[in-house]
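Notes follow once the structure below has been shown.
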Protein chains: 2
Amino acid sequence: MISQKAKYALRALIALARAENPGDVLLISDIAERQRIPKKFLEQILLDLKHHGVVVSRRGKLGGYLLLKKPSEITFGEVLRIIDGPIAPLPCLSRMAYRRCEDCAEEEACEVRRVFARVAAATRDVLDGTTIADCIMGEVRDEARALIA
Amino acid sequence: MISQKAKYALRALIALARAENPGDVLLISDIAERQRIPKKFLEQILLDLKHHGVVVSRRGKLGGYLLLKKPSEITFGEVLRIIDGPIAPLPCLSRMAYRRCEDCAEEEACEVRRVFARVAAATRDVLDGTTIADCIMGEVRDEARALIA
DNA sequence: TAATACTCTACCGTTCCGATAGAGTTAATC
DNA sequence: GATTAACTCTATCGGAACGGTAGAGTATTA
């Protein structure tokens with residue numbers, strides 16, 4: 001299960017990517033309200049994304065948030081790693097935070113590890129291969145499809 | 001991340017599947033010791049697997065555990081669902097424990113859900129497609145390969 | 001009846017999750 | 001330069017989950 005926090009982060013980024021004119025700032029309050037995210041909670045999330053160079057903010061009156069990276073360069077995997085930490089199903093399969101399993105005799109021979117390595121690979125394929133831009137485009141494509149139908 | 005408990009469960013089942021003569025009972029203590037699992041914790045796990053019809057036990061002297069299902073009929077997915085609960089990355093994608101996301105306007109339009117549906121499908125493919133027998137056989141194949149080389 | 005091994009329920013310390021609170025800082029406007 | 005609007009940062013909190021321990025109870029065999 002991914003955390004609620006990661007879900008909020010992704011939804012906030014999608015909202016930012018969808019902003020009318022690229023370069024427009026969005027208020028935390030507006031995102032929070034439209035996406036039904038507790039405002040103070042969203043503040044922390046956006047701050048975190050800012051510290052990791054995904055978004056930037058302007059302070060004071062007329063302040064707000066906007067994307068720093070292009071939507072096509074923000075992957076789901078990146079966001080999840082920032083918010084939730086390692087994606088791998090076992091610590092001994094994590095790239096960003098490898099940790100040996102204490103109770104495992106030899107890693108290479110571990111049957112459980114072998115199976116979950118396949119899960120990890122498949123998961124990474126999807127998450128590192130899908131960007132914020134992708135899921136917005138998917139929507140546009142669906143709208144087009146609906147118009148044609 | 002899968003839980004430590006699930007990892008233990010899988011390792012215990014692999015140990016049972018590997019028992020010398022099919023039908024031999026294994027002591028909790030023996031499995032615990034050989035797999036470095038806290039004994040009392042393993043008791044709970046095996047009991048749980050028993051309640052779900054994966055293993056059976058004999059009590060008293062000469063007691064112990066053995067598999068009820070064939071190794072080729074016990075999938076990783078089944079074990080994980082028993083021990084850890086739903087596998088799906090979002091409650092709204094779970095088959096065994098579907099729950100609507102409170103904060104999601106329309107499920108069908110949810111971009112996050114769409115992406116994670118692909119993760120869920122890929123994960124299920126592996127976990128429901130891999131059995132205890134598979135990972136023991138894999139090992140045998142590796143040994144054979146080593147002998148040939 | 002003694003010994004052995006599984007069965008069941010309760011509990012416990014720690015960490016994580018989701019969220020809230022509030023004081024502080026920056027920037028625009030009047 | 002005071003006011004207001006907005007982000008920034010740190011602390012805290014209640015509840016649940018995780019990993020594990022404890023111990024009394026029950027069945028089976030010798």
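Just remember, in the structure tokens the first chain shown is A, the second B, etc., residues are 1-based per chain, and ligands are 1-based in the order shown.
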Please give the complete set of residues from stretch 3-131 of chain A that DSSP, run on the backbone, assigns to alpha helix (DSSP H), formatted as a ChimeraX atom specification. /A:4-17,28-35,39-51,76-84,111-127
Where does DSSP see strand (DSSP E) in chain B, if you list the residues as a ChimeraX atom specification? /B:55-58,64-67
Interface residues on chain A facing chain C, 6 Å, only C-alpha atoms (C1' of nucleotides), written as a tab-separated table (two decimals) with all heavy atoms, in the first residue's frame:
```
chain	number	residue	atom	x	y	z
A	59	ARG	N	6.97	33.30	-1.95
A	59	ARG	CA	6.40	33.63	-0.65
A	59	ARG	C	5.66	34.96	-0.70
A	59	ARG	O	5.73	35.69	-1.68
A	59	ARG	CB	7.48	33.68	0.41
A	59	ARG	CG	8.16	32.35	0.61
A	59	ARG	CD	9.35	32.44	1.52
A	59	ARG	NE	8.95	32.66	2.89
A	59	ARG	CZ	9.67	32.32	3.96
A	59	ARG	NH1	10.84	31.75	3.78
A	59	ARG	NH2	9.25	32.56	5.17
A	60	GLY	N	5.00	35.27	0.39
A	60	GLY	CA	4.31	36.55	0.51
A	60	GLY	C	3.07	36.64	-0.35
A	60	GLY	O	2.64	35.67	-0.97
A	61	LYS	N	2.52	37.81	-0.37
A	61	LYS	CA	1.33	38.04	-1.20
A	61	LYS	C	1.67	37.67	-2.64
A	61	LYS	O	2.79	37.86	-3.08
A	61	LYS	CB	0.94	39.52	-1.12
A	61	LYS	CG	-0.55	39.73	-1.06
A	61	LYS	CD	-0.88	41.14	-0.62
A	61	LYS	CE	-2.33	41.23	-0.18
A	61	LYS	NZ	-2.61	42.53	0.43
```
Quick one: residues within 10 Å of A:Phe41, only C-alpha atoms (C1' of nucleotides) counted, chain neighbours fewer than 3 positions away excluded, as a ChimeraX atom specification? /A:5,8,32,37-38,44-46 /C:18-20
Dump as a PyMOL selection string the residues of chain A that approach chain B to within 7 Å, counting only C-alpha atoms. chain A and resi 1-2+36+88-90+103+111+119+122-123+126+135
Expected answer as a short mmCIF file (atom, residue, chain, number, x, y, z; two decimals) with N, CA, C and O atoms, in the first residue's frame: chain A residues within 9 Å of chain D, only C-alpha atoms (C1' of nucleotides):
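Saved the output as iface35.cif:
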```
data_model
loop_
_atom_site.label_atom_id
_atom_site.label_comp_id
_atom_site.auth_asym_id
_atom_site.auth_seq_id
_atom_site.Cartn_x
_atom_site.Cartn_y
_atom_site.Cartn_z
N LEU A 27 -2.14 28.41 -5.22
CA LEU A 27 -2.11 28.51 -3.76
C LEU A 27 -2.26 27.14 -3.14
O LEU A 27 -3.02 26.30 -3.64
N ILE A 28 -1.56 26.92 -2.05
CA ILE A 28 -1.74 25.68 -1.29
C ILE A 28 -3.22 25.50 -0.99
O ILE A 28 -3.78 24.42 -1.17
N GLU A 43 0.82 21.40 3.08
CA GLU A 43 1.97 22.30 3.22
C GLU A 43 3.26 21.51 3.39
O GLU A 43 4.26 21.79 2.74
N LEU A 47 6.36 21.28 0.73
CA LEU A 47 7.66 21.71 1.23
C LEU A 47 8.71 20.64 0.95
O LEU A 47 9.83 20.92 0.51
N SER A 57 8.52 27.64 -4.92
CA SER A 57 7.45 28.44 -4.31
C SER A 57 7.81 29.91 -4.37
O SER A 57 8.97 30.28 -4.52
N ARG A 58 6.79 30.75 -4.27
CA ARG A 58 7.00 32.18 -4.06
C ARG A 58 6.31 32.53 -2.78
O ARG A 58 5.19 32.08 -2.53
N ARG A 59 6.97 33.30 -1.95
CA ARG A 59 6.40 33.63 -0.65
C ARG A 59 5.66 34.96 -0.70
O ARG A 59 5.73 35.69 -1.68
N GLY A 60 5.00 35.27 0.39
CA GLY A 60 4.31 36.55 0.51
C GLY A 60 3.07 36.64 -0.35
O GLY A 60 2.64 35.67 -0.97
N LYS A 61 2.52 37.81 -0.37
CA LYS A 61 1.33 38.04 -1.20
C LYS A 61 1.67 37.67 -2.64
O LYS A 61 2.79 37.86 -3.08
N LEU A 62 0.68 37.16 -3.31
CA LEU A 62 0.90 36.66 -4.69
C LEU A 62 1.81 35.45 -4.73
O LEU A 62 2.36 35.13 -5.77
N GLY A 63 2.03 34.86 -3.57
CA GLY A 63 2.88 33.68 -3.53
C GLY A 63 2.14 32.45 -4.00
O GLY A 63 0.99 32.53 -4.44
N GLY A 64 2.80 31.32 -3.89
CA GLY A 64 2.19 30.07 -4.31
C GLY A 64 3.23 29.09 -4.80
O GLY A 64 4.44 29.31 -4.62
#
```
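From atom CA of B:Ala9 back to atom CA of A:Ala97, the distance works out to 24.1 Å.
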